[in-house]
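Enquirer: Please find my_file-v7.tsv (TSV, C-alpha atoms and all ligand atoms) on the next line:
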```tsv
chain	number	residue	atom	x	y	z
A	130	MET	CA	-16.20	50.55	-11.93
A	131	SER	CA	-13.90	53.50	-11.78
A	132	SER	CA	-11.00	53.71	-9.38
A	133	ALA	CA	-13.35	55.63	-7.09
A	134	ALA	CA	-14.85	52.30	-6.07
A	135	LYS	CA	-12.01	52.02	-3.59
A	136	LEU	CA	-12.59	55.40	-2.01
A	137	LEU	CA	-14.01	54.01	1.20
A	138	THR	CA	-11.01	52.56	2.96
A	139	VAL	CA	-11.37	53.69	6.54
A	140	THR	CA	-13.04	50.95	8.52
A	141	ARG	CA	-16.70	51.55	9.08
A	142	PRO	CA	-17.09	52.04	12.82
A	143	SER	CA	-18.54	49.08	14.68
A	144	LEU	CA	-21.68	49.25	16.74
A	145	PRO	CA	-21.69	51.72	19.61
A	146	PRO	CA	-20.04	50.28	22.73
A	147	PHE	CA	-23.24	49.20	24.48
A	148	ASP	CA	-21.40	47.16	27.11
A	149	ASP	CA	-19.39	50.24	28.04
A	150	MET	CA	-22.58	52.30	28.26
A	151	VAL	CA	-24.25	49.80	30.59
A	152	GLY	CA	-21.13	49.72	32.76
A	153	LEU	CA	-21.04	53.49	32.96
A	154	LEU	CA	-24.71	53.70	33.84
A	155	ARG	CA	-24.17	51.27	36.73
A	156	GLU	CA	-21.09	53.16	37.91
A	157	ILE	CA	-23.00	56.45	37.93
A	158	TRP	CA	-26.02	54.95	39.63
A	159	ASP	CA	-23.91	53.29	42.31
A	160	SER	CA	-21.97	56.52	42.97
A	161	GLY	CA	-25.22	58.36	43.77
A	162	ILE	CA	-24.01	61.41	41.81
A	163	LEU	CA	-26.37	61.64	38.84
A	164	THR	CA	-25.92	65.31	37.92
A	165	ASN	CA	-24.89	68.73	39.31
A	166	GLY	CA	-21.33	68.81	38.08
A	167	GLY	CA	-20.20	65.30	39.05
A	168	PRO	CA	-16.95	63.57	38.11
A	169	PHE	CA	-17.95	62.67	34.52
A	170	HIS	CA	-19.07	66.24	33.90
A	171	GLU	CA	-15.70	67.47	35.13
A	172	ARG	CA	-13.79	64.93	33.04
A	173	LEU	CA	-15.73	65.72	29.87
A	174	GLU	CA	-15.16	69.47	30.25
A	175	ALA	CA	-11.43	68.83	30.59
A	176	ALA	CA	-11.32	66.32	27.72
A	177	LEU	CA	-13.26	68.61	25.38
A	178	GLY	CA	-11.03	71.53	26.27
A	179	GLU	CA	-8.05	69.46	25.25
A	180	TYR	CA	-9.66	68.08	22.10
A	181	LEU	CA	-10.97	71.44	20.91
A	182	GLY	CA	-7.84	73.32	21.96
A	183	VAL	CA	-9.66	75.70	24.31
A	184	GLN	CA	-9.39	76.40	28.03
A	185	HIS	CA	-12.90	77.22	29.20
A	186	VAL	CA	-15.69	74.78	28.35
A	187	SER	CA	-19.07	74.78	30.11
A	188	LEU	CA	-21.26	71.77	29.38
A	189	PHE	CA	-24.98	72.30	28.82
A	190	SER	CA	-28.11	70.19	28.67
A	191	ASN	CA	-28.56	71.27	25.05
A	192	GLY	CA	-27.37	73.88	22.57
A	193	THR	CA	-30.51	75.99	22.66
A	194	ILE	CA	-30.26	76.64	26.40
A	195	GLY	CA	-26.59	77.36	25.68
A	196	LEU	CA	-27.52	80.08	23.16
A	197	ILE	CA	-30.03	81.67	25.55
A	198	THR	CA	-27.52	81.57	28.39
A	199	ALA	CA	-24.81	83.10	26.20
A	200	LEU	CA	-27.10	86.06	25.45
A	201	GLN	CA	-27.87	86.39	29.16
A	202	ALA	CA	-24.20	86.19	30.15
A	203	LEU	CA	-23.30	89.01	27.75
A	204	GLU	CA	-26.34	91.09	28.78
A	205	VAL	CA	-27.31	91.67	25.18
A	206	GLU	CA	-30.22	94.07	24.67
A	207	GLY	CA	-31.76	95.40	21.47
A	208	GLU	CA	-31.26	94.15	17.94
A	209	VAL	CA	-29.15	91.17	16.97
A	210	ILE	CA	-27.96	90.54	13.43
A	211	THR	CA	-28.36	86.91	12.44
A	212	THR	CA	-28.85	84.55	9.52
A	213	PRO	CA	-32.18	83.21	8.25
A	214	PHE	CA	-30.35	80.17	6.84
A	215	SER	CA	-30.03	78.05	9.96
A	216	PHE	CA	-31.93	75.79	12.28
A	217	VAL	CA	-34.78	77.68	13.91
A	218	ALA	CA	-33.19	77.56	17.40
A	219	THR	CA	-30.72	80.28	16.38
A	220	ALA	CA	-33.41	82.96	16.11
A	221	HIS	CA	-35.66	81.42	18.77
A	222	ALA	CA	-32.92	82.03	21.35
A	223	LEU	CA	-33.19	85.73	20.51
A	224	LEU	CA	-36.97	85.77	20.94
A	225	TRP	CA	-36.75	83.99	24.31
A	226	LYS	CA	-34.51	86.87	25.41
A	227	ARG	CA	-36.95	89.40	23.90
A	228	LEU	CA	-34.30	90.54	21.47
A	229	THR	CA	-35.14	91.60	17.93
A	230	PRO	CA	-33.56	89.48	15.22
A	231	ARG	CA	-32.35	91.38	12.20
A	232	PHE	CA	-31.95	88.99	9.31
A	233	VAL	CA	-29.07	89.56	6.93
A	234	ASP	CA	-28.47	87.68	3.69
A	235	ILE	CA	-25.83	85.00	3.25
A	236	ASP	CA	-22.87	84.81	0.94
A	237	PRO	CA	-23.95	82.10	-1.53
A	238	ARG	CA	-20.43	80.65	-1.69
A	239	THR	CA	-20.09	80.04	2.04
A	240	MET	CA	-23.80	80.02	2.99
A	241	ASN	CA	-22.76	82.06	6.02
A	242	LEU	CA	-23.60	85.67	6.89
A	243	ASP	CA	-22.08	88.05	4.36
A	244	PRO	CA	-19.83	90.50	6.28
A	245	GLU	CA	-20.55	93.40	3.93
A	246	ARG	CA	-24.27	92.93	4.39
A	247	ILE	CA	-23.76	92.77	8.17
A	248	ARG	CA	-22.07	96.15	8.04
A	249	ALA	CA	-24.88	97.61	5.97
A	250	ALA	CA	-27.52	96.38	8.44
A	251	ILE	CA	-26.05	97.95	11.57
A	252	THR	CA	-28.25	100.58	13.26
A	253	PRO	CA	-27.94	102.44	16.58
A	254	SER	CA	-29.99	99.64	18.21
A	255	THR	CA	-27.69	96.85	17.05
A	256	ALA	CA	-26.17	95.15	20.09
A	257	ALA	CA	-24.72	91.93	18.78
A	258	ILE	CA	-24.15	89.58	15.87
A	259	MET	CA	-25.13	85.92	16.06
A	260	PRO	CA	-23.56	84.17	13.07
A	261	VAL	CA	-23.73	80.43	12.41
A	262	HIS	CA	-20.86	78.31	11.08
A	263	CYS	CA	-23.41	76.75	8.76
A	264	TYR	CA	-22.71	73.06	7.93
A	265	GLY	CA	-19.54	73.48	9.99
A	266	ARG	CA	-18.01	75.73	7.35
A	267	PRO	CA	-16.29	78.58	9.17
A	268	CYS	CA	-17.68	82.09	8.93
A	269	ASP	CA	-15.39	84.88	7.81
A	270	VAL	CA	-14.36	85.34	11.43
A	271	ASP	CA	-11.74	88.03	10.74
A	272	ALA	CA	-14.14	90.28	8.85
A	273	ILE	CA	-16.85	89.79	11.48
A	274	GLU	CA	-14.36	90.55	14.24
A	275	SER	CA	-13.26	93.81	12.69
A	276	ILE	CA	-16.87	94.94	12.12
A	277	ALA	CA	-17.75	94.04	15.72
A	278	ARG	CA	-14.77	95.96	17.04
A	279	GLU	CA	-15.52	98.97	14.88
A	280	TYR	CA	-19.13	99.20	16.12
A	281	GLY	CA	-18.69	97.82	19.63
A	282	LEU	CA	-20.89	94.76	19.06
A	283	LYS	CA	-20.88	91.43	20.87
A	284	VAL	CA	-20.46	88.30	18.77
A	285	ILE	CA	-22.02	84.97	19.75
A	286	TYR	CA	-21.19	82.18	17.35
A	287	ASP	CA	-23.79	79.47	16.94
A	288	ALA	CA	-21.19	76.74	16.45
A	289	ALA	CA	-23.73	73.92	16.67
A	290	HIS	CA	-22.41	72.37	13.44
A	291	ALA	CA	-18.72	73.06	13.98
A	292	PHE	CA	-17.50	70.41	16.41
A	293	GLY	CA	-13.94	69.39	15.55
A	294	VAL	CA	-13.52	71.97	12.78
A	295	ARG	CA	-10.01	73.37	12.67
A	296	LEU	CA	-8.58	76.42	10.94
A	297	SER	CA	-5.01	76.41	9.67
A	298	ASP	CA	-3.75	79.46	11.53
A	299	ASP	CA	-5.78	79.68	14.74
A	300	ASN	CA	-8.66	78.22	16.72
A	301	LEU	CA	-12.16	78.74	15.35
A	302	PHE	CA	-13.58	78.86	18.90
A	303	ALA	CA	-11.22	81.64	19.96
A	304	HIS	CA	-13.30	84.04	17.85
A	305	GLY	CA	-16.25	86.04	19.09
A	306	ASP	CA	-17.24	86.66	22.70
A	307	LEU	CA	-18.71	83.17	23.08
A	308	SER	CA	-19.21	80.08	20.94
A	309	VAL	CA	-22.07	77.67	21.50
A	310	LEU	CA	-21.91	74.01	20.48
A	311	SER	CA	-24.69	71.44	20.24
A	312	PHE	CA	-24.23	67.77	21.10
A	313	HIS	CA	-27.69	66.76	19.92
A	314	ALA	CA	-28.10	63.23	18.57
A	315	THR	CA	-27.97	64.51	14.98
A	316	LYS	CA	-24.64	66.29	15.35
A	317	VAL	CA	-21.08	65.07	14.65
A	318	PHE	CA	-20.37	64.58	18.36
A	319	ASN	CA	-23.33	63.77	20.56
A	320	THR	CA	-24.33	63.11	24.15
A	321	PHE	CA	-27.93	62.21	23.08
A	322	GLU	CA	-28.87	65.78	24.12
A	323	GLY	CA	-26.23	68.29	25.12
A	324	GLY	CA	-24.19	71.31	24.29
A	325	ALA	CA	-21.45	73.60	25.50
A	326	ILE	CA	-20.39	77.21	25.72
A	327	ILE	CA	-16.77	78.07	25.07
A	328	SER	CA	-15.67	81.14	27.02
A	329	PRO	CA	-12.54	83.21	26.41
A	330	ASP	CA	-11.48	83.45	30.07
A	331	ALA	CA	-12.08	82.04	33.53
A	332	ALA	CA	-14.26	84.96	34.65
A	333	MET	CA	-16.69	84.47	31.77
A	334	LYS	CA	-16.76	80.70	32.33
A	335	ARG	CA	-17.60	81.34	35.98
A	336	ARG	CA	-20.48	83.60	34.94
A	337	VAL	CA	-21.78	81.03	32.45
A	338	ASP	CA	-21.46	78.24	35.03
A	339	GLN	CA	-23.46	80.26	37.54
A	340	LEU	CA	-26.17	80.98	35.00
A	341	LYS	CA	-26.57	77.33	34.02
A	342	ASN	CA	-27.06	76.42	37.70
A	343	PHE	CA	-29.90	78.81	38.72
A	344	GLY	CA	-27.38	81.55	39.58
A	345	PHE	CA	-25.92	79.71	42.57
A	346	VAL	CA	-22.35	80.55	43.57
A	347	ASP	CA	-22.45	78.44	46.74
A	348	ASP	CA	-25.21	76.57	48.55
A	349	VAL	CA	-26.75	79.71	50.06
A	350	THR	CA	-25.92	82.46	47.57
A	351	VAL	CA	-27.77	83.20	44.33
A	352	VAL	CA	-26.39	86.08	42.26
A	353	ALA	CA	-28.45	85.98	39.07
A	354	ALA	CA	-31.71	84.72	37.60
A	355	GLY	CA	-30.05	81.60	36.24
A	356	ILE	CA	-31.61	78.65	34.50
A	357	ASN	CA	-31.18	74.88	34.67
A	358	GLY	CA	-28.78	74.13	31.83
A	359	LYS	CA	-26.68	71.44	33.47
A	360	MET	CA	-25.52	68.33	31.65
A	361	ASN	CA	-26.19	65.13	33.60
A	362	GLU	CA	-23.59	62.49	34.41
A	363	PHE	CA	-24.76	59.87	31.91
A	364	SER	CA	-24.63	62.31	29.00
A	365	SER	CA	-21.19	63.40	30.16
A	366	ALA	CA	-20.01	59.79	30.28
A	367	LEU	CA	-21.43	59.18	26.79
A	368	GLY	CA	-19.44	62.17	25.61
A	369	LEU	CA	-16.23	60.66	26.95
A	370	LEU	CA	-17.03	57.39	25.15
A	371	GLN	CA	-17.69	59.20	21.85
A	372	LEU	CA	-14.56	61.23	22.12
A	373	ARG	CA	-12.44	58.07	21.94
A	374	ASP	CA	-13.39	57.46	18.30
A	375	ILE	CA	-14.24	60.93	17.13
A	376	ASP	CA	-11.29	61.34	14.74
A	377	ALA	CA	-12.11	58.03	13.03
A	378	MET	CA	-15.75	59.12	12.78
A	379	ILE	CA	-14.79	62.41	11.15
A	380	ALA	CA	-12.35	60.63	8.83
A	381	ARG	CA	-15.11	58.26	7.75
A	382	ARG	CA	-17.41	61.23	7.08
A	383	GLY	CA	-14.61	62.74	5.00
A	384	GLU	CA	-14.48	59.61	2.87
A	385	ILE	CA	-18.22	59.61	2.31
A	386	ASP	CA	-17.98	63.28	1.33
A	387	ALA	CA	-15.21	62.50	-1.19
A	388	TYR	CA	-17.16	59.52	-2.56
A	389	TYR	CA	-20.28	61.63	-3.14
A	390	ARG	CA	-18.19	64.34	-4.78
A	391	ASP	CA	-16.49	61.89	-7.07
A	392	ARG	CA	-19.72	60.24	-8.22
A	393	LEU	CA	-21.96	63.28	-8.42
A	394	ASN	CA	-19.44	65.59	-10.01
A	395	GLY	CA	-20.67	66.57	-13.46
A	396	VAL	CA	-24.29	65.46	-13.01
A	397	PRO	CA	-26.09	68.20	-14.96
A	398	GLY	CA	-28.11	70.51	-12.75
A	399	ILE	CA	-26.54	69.33	-9.49
A	400	GLU	CA	-24.19	71.78	-7.83
A	401	LEU	CA	-21.80	70.34	-5.27
A	402	THR	CA	-21.28	73.13	-2.79
A	403	GLY	CA	-17.81	74.18	-1.70
A	404	ALA	CA	-16.16	72.39	1.19
A	405	GLY	CA	-15.33	75.60	3.05
A	406	ASN	CA	-11.95	76.89	4.16
A	407	ALA	CA	-11.33	74.75	7.22
A	408	ALA	CA	-7.95	73.04	7.51
A	409	ARG	CA	-9.87	70.13	9.03
A	410	PRO	CA	-13.55	70.17	8.07
A	411	ASN	CA	-15.93	67.95	10.01
A	412	HIS	CA	-18.15	66.92	7.06
A	413	SER	CA	-21.20	67.34	9.22
A	414	TYR	CA	-23.53	67.81	6.25
A	415	PHE	CA	-23.43	67.16	2.52
A	416	PRO	CA	-25.56	69.89	0.93
A	417	ILE	CA	-26.15	69.87	-2.82
A	418	LEU	CA	-28.10	72.42	-4.86
A	419	VAL	CA	-30.68	71.27	-7.39
A	420	GLY	CA	-30.50	73.85	-10.18
A	421	PRO	CA	-33.09	74.79	-12.80
A	422	GLU	CA	-31.36	72.57	-15.41
A	423	PHE	CA	-32.11	69.44	-13.38
A	424	PRO	CA	-35.16	67.60	-14.81
A	425	LEU	CA	-36.82	67.41	-11.35
A	426	THR	CA	-37.48	70.24	-8.95
A	427	ARG	CA	-35.74	70.09	-5.60
A	428	ASP	CA	-38.94	68.91	-3.93
A	429	GLU	CA	-39.53	66.27	-6.59
A	430	LEU	CA	-36.01	64.95	-6.10
A	431	TYR	CA	-36.52	65.01	-2.34
A	432	GLN	CA	-39.70	62.95	-2.75
A	433	ARG	CA	-38.02	60.61	-5.23
A	434	LEU	CA	-35.27	59.97	-2.69
A	435	ARG	CA	-37.85	59.28	0.02
A	436	ALA	CA	-39.73	56.89	-2.23
A	437	ASN	CA	-36.45	55.00	-2.55
A	438	GLY	CA	-35.89	54.89	1.19
A	439	VAL	CA	-33.38	57.76	1.26
A	440	PHE	CA	-34.21	60.27	3.97
A	441	ALA	CA	-32.38	63.37	2.84
A	442	ARG	CA	-33.18	66.68	4.58
A	443	ARG	CA	-34.02	70.09	3.17
A	444	TYR	CA	-31.68	71.94	5.55
A	445	PHE	CA	-32.40	74.86	5.73
A	446	TYR	CA	-35.86	75.17	4.29
A	447	PRO	CA	-38.08	76.96	5.07
A	448	LEU	CA	-35.93	79.95	6.01
A	449	ILE	CA	-36.34	80.96	9.65
A	450	SER	CA	-37.50	84.38	8.47
A	451	THR	CA	-40.62	82.87	6.87
A	452	PHE	CA	-42.08	81.47	10.11
A	453	GLY	CA	-45.02	83.35	11.60
A	454	MET	CA	-43.15	84.75	14.59
A	455	TYR	CA	-40.56	86.38	12.28
A	456	ASN	CA	-42.16	87.12	8.93
A	457	GLU	CA	-43.44	90.58	9.81
A	458	LEU	CA	-40.00	91.90	10.67
A	459	PRO	CA	-38.86	94.27	7.93
A	460	SER	CA	-35.59	92.31	7.59
A	461	ALA	CA	-37.57	89.11	6.92
A	462	ALA	CA	-38.73	90.39	3.53
A	463	GLN	CA	-37.69	88.10	0.66
A	464	SER	CA	-36.25	91.10	-1.15
A	465	ASN	CA	-33.78	91.50	1.72
A	466	LEU	CA	-32.70	87.86	1.51
A	467	PRO	CA	-32.42	86.87	-2.16
A	468	GLU	CA	-29.47	84.49	-1.81
A	469	ALA	CA	-30.81	82.69	1.24
A	470	THR	CA	-34.21	82.41	-0.46
A	471	ARG	CA	-32.75	80.86	-3.61
A	472	ILE	CA	-30.51	78.43	-1.75
A	473	ALA	CA	-33.29	77.35	0.60
A	474	SER	CA	-35.35	76.48	-2.48
A	475	GLN	CA	-32.54	74.40	-4.06
A	476	VAL	CA	-30.76	72.68	-1.19
A	477	ILE	CA	-30.85	69.03	-0.18
A	478	CYS	CA	-28.54	67.54	2.44
A	479	LEU	CA	-27.68	63.97	1.54
A	480	PRO	CA	-27.26	61.37	4.27
A	481	ILE	CA	-23.77	61.47	5.77
A	482	TYR	CA	-22.90	59.61	8.96
A	483	PRO	CA	-20.20	57.15	9.91
A	484	MET	CA	-22.41	54.04	9.98
A	485	LEU	CA	-23.61	54.59	6.40
A	486	GLU	CA	-22.69	51.61	4.23
A	487	GLU	CA	-21.21	51.79	0.76
A	488	HIS	CA	-24.20	50.16	-0.93
A	489	GLU	CA	-26.48	52.70	0.76
A	490	ILE	CA	-24.39	55.59	-0.53
A	491	ASP	CA	-24.49	53.99	-3.98
A	492	ARG	CA	-28.29	53.92	-3.82
A	493	VAL	CA	-28.43	57.64	-3.02
A	494	ILE	CA	-26.14	58.34	-5.96
A	495	ALA	CA	-28.11	56.05	-8.27
A	496	VAL	CA	-31.43	57.76	-7.50
A	497	ILE	CA	-29.92	61.16	-8.32
A	498	THR	CA	-28.08	60.10	-11.47
A	499	GLU	CA	-31.11	58.20	-12.78
A	500	ALA	CA	-33.33	61.21	-12.10
A	501	SER	CA	-30.89	63.39	-14.03
A	502	LEU	CA	-31.56	61.27	-17.14
A	503	SER	CA	-35.36	61.52	-16.93
B	1	LIG	C1	-28.91	71.73	16.47
B	1	LIG	C2	-28.83	73.21	16.38
B	1	LIG	C3	-29.13	74.06	17.45
B	1	LIG	C4	-29.81	73.57	18.69
B	1	LIG	O1	-29.08	72.69	19.41
B	1	LIG	P1	-29.87	71.69	20.41
B	1	LIG	O2	-28.72	71.02	21.11
B	1	LIG	O3	-30.66	70.77	19.56
B	1	LIG	O4	-30.68	72.52	21.32
B	1	LIG	C5	-28.90	75.41	17.31
B	1	LIG	N1	-28.43	75.92	16.16
B	1	LIG	C6	-28.14	75.16	15.11
B	1	LIG	C7	-27.59	75.80	13.88
B	1	LIG	C8	-28.35	73.77	15.16
B	1	LIG	O5	-28.12	73.02	14.08
```
Would you write the structure of this file as structure tokens?
Expert:
Amino acid sequence: MSSAAKLLTVTRPSLPPFDDMVGLLREIWDSGILTNGGPFHERLEAALGEYLGVQHVSLFSNGTIGLITALQALEVEGEVITTPFSFVATAHALLWKRLTPRFVDIDPRTMNLDPERIRAAITPSTAAIMPVHCYGRPCDVDAIESIAREYGLKVIYDAAHAFGVRLSDDNLFAHGDLSVLSFHATKVFNTFEGGAIISPDAAMKRRVDQLKNFGFVDDVTVVAAGINGKMNEFSSALGLLQLRDIDAMIARRGEIDAYYRDRLNGVPGIELTGAGNAARPNHSYFPILVGPEFPLTRDELYQRLRANGVFARRYFYPLISTFGMYNELPSAAQSNLPEATRIASQVICLPIYPMLEEHEIDRVIAVITEASLS
């Protein structure tokens, strides 16, 4: 074996702290405060603010309601520029608000919205940009900011993948008008279901907090057609538990990422995509591209992996723009989205999560390397 055999040195995390969870559940139940901004909700907002280096966090029941609420809070109306290369919730949030998505192609190196193409897509009806930090790899936030300023557009970052991602010179979540996180079970940090909006100031956080609680400002006053987006106490408590070990979890993901890179580097036809420009990436996904030189198509490799018990995901395929509720938009045309179309046809995200064991990672690698020799 090569020296890479020793790559995995961080201790694999132990089982989740079930005893702690049961204790928390009892504590919450006994307190009689199950939701509506209780003590765990308050503590998690404070703890996340500290961890993420931001002042104004509003917890949500999930990221999708967070996206919809963000659009409501900013009173966006008209057309919104967004990426087709994302989870479908990104564009669905626009449709729920009766906004018109305008799909713009991605930069194939970052897999994020291409700023020059954003600029070219702006029309008099454009109201906002909703970019995604896809796979947790930061968007070109400076370029997007200057375009938004030039044209007077709002920017809502779908930061569902970006928990814990840090830039070298400033805070990723300080960019745009609002950032929306997801704490769904499949994400780097989870509360089973959950999410958050990060606001730039106290006034915006107040607005967001009102909207997630039906528009109430006190027990008799309702100021807006709000929604129910509140995070409950048990999810909040789970978040506090997860936060204890989050750096070790991200470090372990980083090791798995490095291990894959080491072993898959040079496999003909497999392109290891760039790691992005974050000072501290979160390794939330491990996307590879299956090129035309690989003996199997992407879908054949995907099926081969499945047949060997490896449940990789074709994130993000199909493109959002191909679904029936979007595909008649002029911007959904394949000719408008050549890079996203190609990458969606080549991408596979390999399993990456802290509990993954070394022999399991080796099996993933073996299936791919053996397929490359067929
Ligand atoms: C997971 C995800 C969402 C939705 O978040 P939920 O918490 O599942 O509602 C939105 N956008 C992207 C890019 C996601 O990956």
Enquirer: Would you compute the distance between CA of Leu370 (chain A) and CA of Ile481 (chain A)? Give it in Å to one decimal.
Expert: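 Separation of CA of Leu370 (chain A) and CA of Ile481 (chain A): 20.9 Å.
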Enquirer: Just to confirm, what's the straight-line distance from CA of Phe189 (chain A) to CA of Ala408 (chain A) in Å (one decimal)?
Expert: 27.3 Å
Enquirer: Which polymer residues, whether protein, DNA or RNA, lie within 12 Å of the coordinate (-30.8, 91.7, 28.0) when you count only C-alpha atoms? List them as number ranges by chain, using the chain letters and numbers from the file.
Expert: A: 197-209, 222-229, 256-257, 354
Enquirer: Rank nothing, just name the residue among A:Gly167, A:Gly358, A:Pro447, A:Gly324 nearest to ligand LIG 1 (chain B), using all atoms listed in the file.
Expert: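 Ranked by minimum distance to ligand LIG 1 (chain B), first place goes to A:Gly324.
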Enquirer: Do you know which residues are within 6 Å of ligand LIG 1 (chain B) using only C-alpha atoms and all ligand atoms? Can you write them as a PyMOL selection string?
Expert: chain A and resi 191-193+215-216+218-219+287+289-290+311-313+323-324
Enquirer: Restricted to C-alpha atoms, what would the selected residues look like written as a PDB file, in the frame of the given file?
Expert:
```
ATOM      1  CA  ASN A 191     -28.560  71.270  25.050  1.00  0.00           C
ATOM      2  CA  GLY A 192     -27.370  73.880  22.570  1.00  0.00           C
ATOM      3  CA  THR A 193     -30.510  75.990  22.660  1.00  0.00           C
ATOM      4  CA  SER A 215     -30.030  78.050   9.960  1.00  0.00           C
ATOM      5  CA  PHE A 216     -31.930  75.790  12.280  1.00  0.00           C
ATOM      6  CA  ALA A 218     -33.190  77.560  17.400  1.00  0.00           C
ATOM      7  CA  THR A 219     -30.720  80.280  16.380  1.00  0.00           C
ATOM      8  CA  ASP A 287     -23.790  79.470  16.940  1.00  0.00           C
ATOM      9  CA  ALA A 289     -23.730  73.920  16.670  1.00  0.00           C
ATOM     10  CA  HIS A 290     -22.410  72.370  13.440  1.00  0.00           C
ATOM     11  CA  SER A 311     -24.690  71.440  20.240  1.00  0.00           C
ATOM     12  CA  PHE A 312     -24.230  67.770  21.100  1.00  0.00           C
ATOM     13  CA  HIS A 313     -27.690  66.760  19.920  1.00  0.00           C
ATOM     14  CA  GLY A 323     -26.230  68.290  25.120  1.00  0.00           C
ATOM     15  CA  GLY A 324     -24.190  71.310  24.290  1.00  0.00           C
TER      16      GLY A 324
END
```
Enquirer: Which residue gives the smallest distance to Lys283 (chain A) among A:Arg373, A:His221, A:His304, A:His488, with all atoms listed in the file counted?
Expert: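 Closest residue, counting all atoms listed in the file: A:His304.
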Enquirer: Tell me, in Å to one decimal, how far CA of Ala441 (chain A) is from CA of Arg381 (chain A).
Expert: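 Distance between the two atoms: 18.7 Å.
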Enquirer: Counting only C-alpha atoms, which of A:Lys316, A:Arg248, A:Arg231, A:Arg266 gets nearest to Asn465 (chain A)?
Expert: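 The shortest atom-to-atom distance to Asn465 (chain A) comes from A:Arg231.
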Enquirer: Which polymer residues have any atom within 8 Å of an atom of Val183 (chain A), counting only C-alpha atoms, with same-chain residues fewer than 2 positions away left out, as an MDAnalysis selection string?
Expert: chainID A and resid 178:181 185:186 302:303 327
Enquirer: Considering only C-alpha atoms, return as a short mmCIF file (atom, residue, chain, number, x, y, z; two decimals) with C-alpha atoms, in the frame of the given file whatever protein or nucleic-acid residues lie within 12 Å of region 158-163 of chain A, sequence-local ones (same chain, fewer than 3 positions apart) excluded.
Expert:
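Resulting contents of around_0.cif:
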```cif
data_model
loop_
_atom_site.label_atom_id
_atom_site.label_comp_id
_atom_site.auth_asym_id
_atom_site.auth_seq_id
_atom_site.Cartn_x
_atom_site.Cartn_y
_atom_site.Cartn_z
CA VAL A 151 -24.25 49.80 30.59
CA GLY A 152 -21.13 49.72 32.76
CA LEU A 153 -21.04 53.49 32.96
CA LEU A 154 -24.71 53.70 33.84
CA ARG A 155 -24.17 51.27 36.73
CA GLY A 166 -21.33 68.81 38.08
CA GLY A 167 -20.20 65.30 39.05
CA PRO A 168 -16.95 63.57 38.11
CA PHE A 169 -17.95 62.67 34.52
CA HIS A 170 -19.07 66.24 33.90
CA LYS A 359 -26.68 71.44 33.47
CA MET A 360 -25.52 68.33 31.65
CA ASN A 361 -26.19 65.13 33.60
CA GLU A 362 -23.59 62.49 34.41
CA PHE A 363 -24.76 59.87 31.91
CA SER A 364 -24.63 62.31 29.00
CA SER A 365 -21.19 63.40 30.16
CA ALA A 366 -20.01 59.79 30.28
#
```
Enquirer: Please check which residues have atoms at most 8 Å from (-27.5, 71.6, -15.8) in the file's coordinates, counting all atoms listed in the file, and write them as a PyMOL selection string.
Expert: chain A and resi 396-399+420-423
Enquirer: Measuring between all atoms listed in the file, which one of A:Pro253, A:Pro424, A:Val270, A:Phe214 shows the shortest distance to Tyr446 (chain A)?
Expert: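 Nearest to Tyr446 (chain A): A:Phe214.
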Enquirer: From the options A:Arg427, A:Arg382, A:Arg492, A:Arg442, which residue's atoms come nearest to Val317 (chain A), counting all atoms listed in the file?
Expert: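 Using all atoms listed in the file, the shortest distance to Val317 (chain A) belongs to A:Arg382.
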Enquirer: Any idea what's packed within 8 Å of region 291-298 of chain A, counting all atoms listed in the file, ignoring anything in its chain fewer than 5 positions away? Could you give it as a PyMOL selection string?
Expert: chain A and resi 180-181+262-267+310+317-318+406-411+413
Enquirer: Keeping only C-alpha atoms, write the selected residues to a file as a short mmCIF file (atom, residue, chain, number, x, y, z; two decimals), keeping the file's coordinate frame.
Expert:
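Written out: part_3.cif:
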```
data_model
loop_
_atom_site.label_atom_id
_atom_site.label_comp_id
_atom_site.auth_asym_id
_atom_site.auth_seq_id
_atom_site.Cartn_x
_atom_site.Cartn_y
_atom_site.Cartn_z
CA TYR A 180 -9.66 68.08 22.10
CA LEU A 181 -10.97 71.44 20.91
CA HIS A 262 -20.86 78.31 11.08
CA CYS A 263 -23.41 76.75 8.76
CA TYR A 264 -22.71 73.06 7.93
CA GLY A 265 -19.54 73.48 9.99
CA ARG A 266 -18.01 75.73 7.35
CA PRO A 267 -16.29 78.58 9.17
CA LEU A 310 -21.91 74.01 20.48
CA VAL A 317 -21.08 65.07 14.65
CA PHE A 318 -20.37 64.58 18.36
CA ASN A 406 -11.95 76.89 4.16
CA ALA A 407 -11.33 74.75 7.22
CA ALA A 408 -7.95 73.04 7.51
CA ARG A 409 -9.87 70.13 9.03
CA PRO A 410 -13.55 70.17 8.07
CA ASN A 411 -15.93 67.95 10.01
CA SER A 413 -21.20 67.34 9.22
#
```
Enquirer: Rank A:Gly403, A:Pro416, A:Cys478, A:Gly453 by their smallest atom-to-atom distance to Phe440 (chain A), using all atoms listed in the file, and report the top residue only.
Expert: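 When distances to Phe440 (chain A) are compared using all atoms listed in the file, the smallest one comes from A:Cys478.
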Enquirer: Write out as a PyMOL selection string which residues come within 12 Å of Ile497 (chain A) when counting all atoms listed in the file, dropping same-chain ones fewer than 5 positions away.
Expert: chain A and resi 389+392-399+417-419+423-427+429-435+437+439+441+477+479+490-492+502-503
Enquirer: Give me the residues within 10 Å of Phe232 (chain A) as a VMD selection string, counting all atoms listed in the file and dropping any in the same chain fewer than 6 places off.
Expert: chain A and resid 209 to 214 220 242 246 to 247 250 449 to 450 455 458 to 462 465 to 466
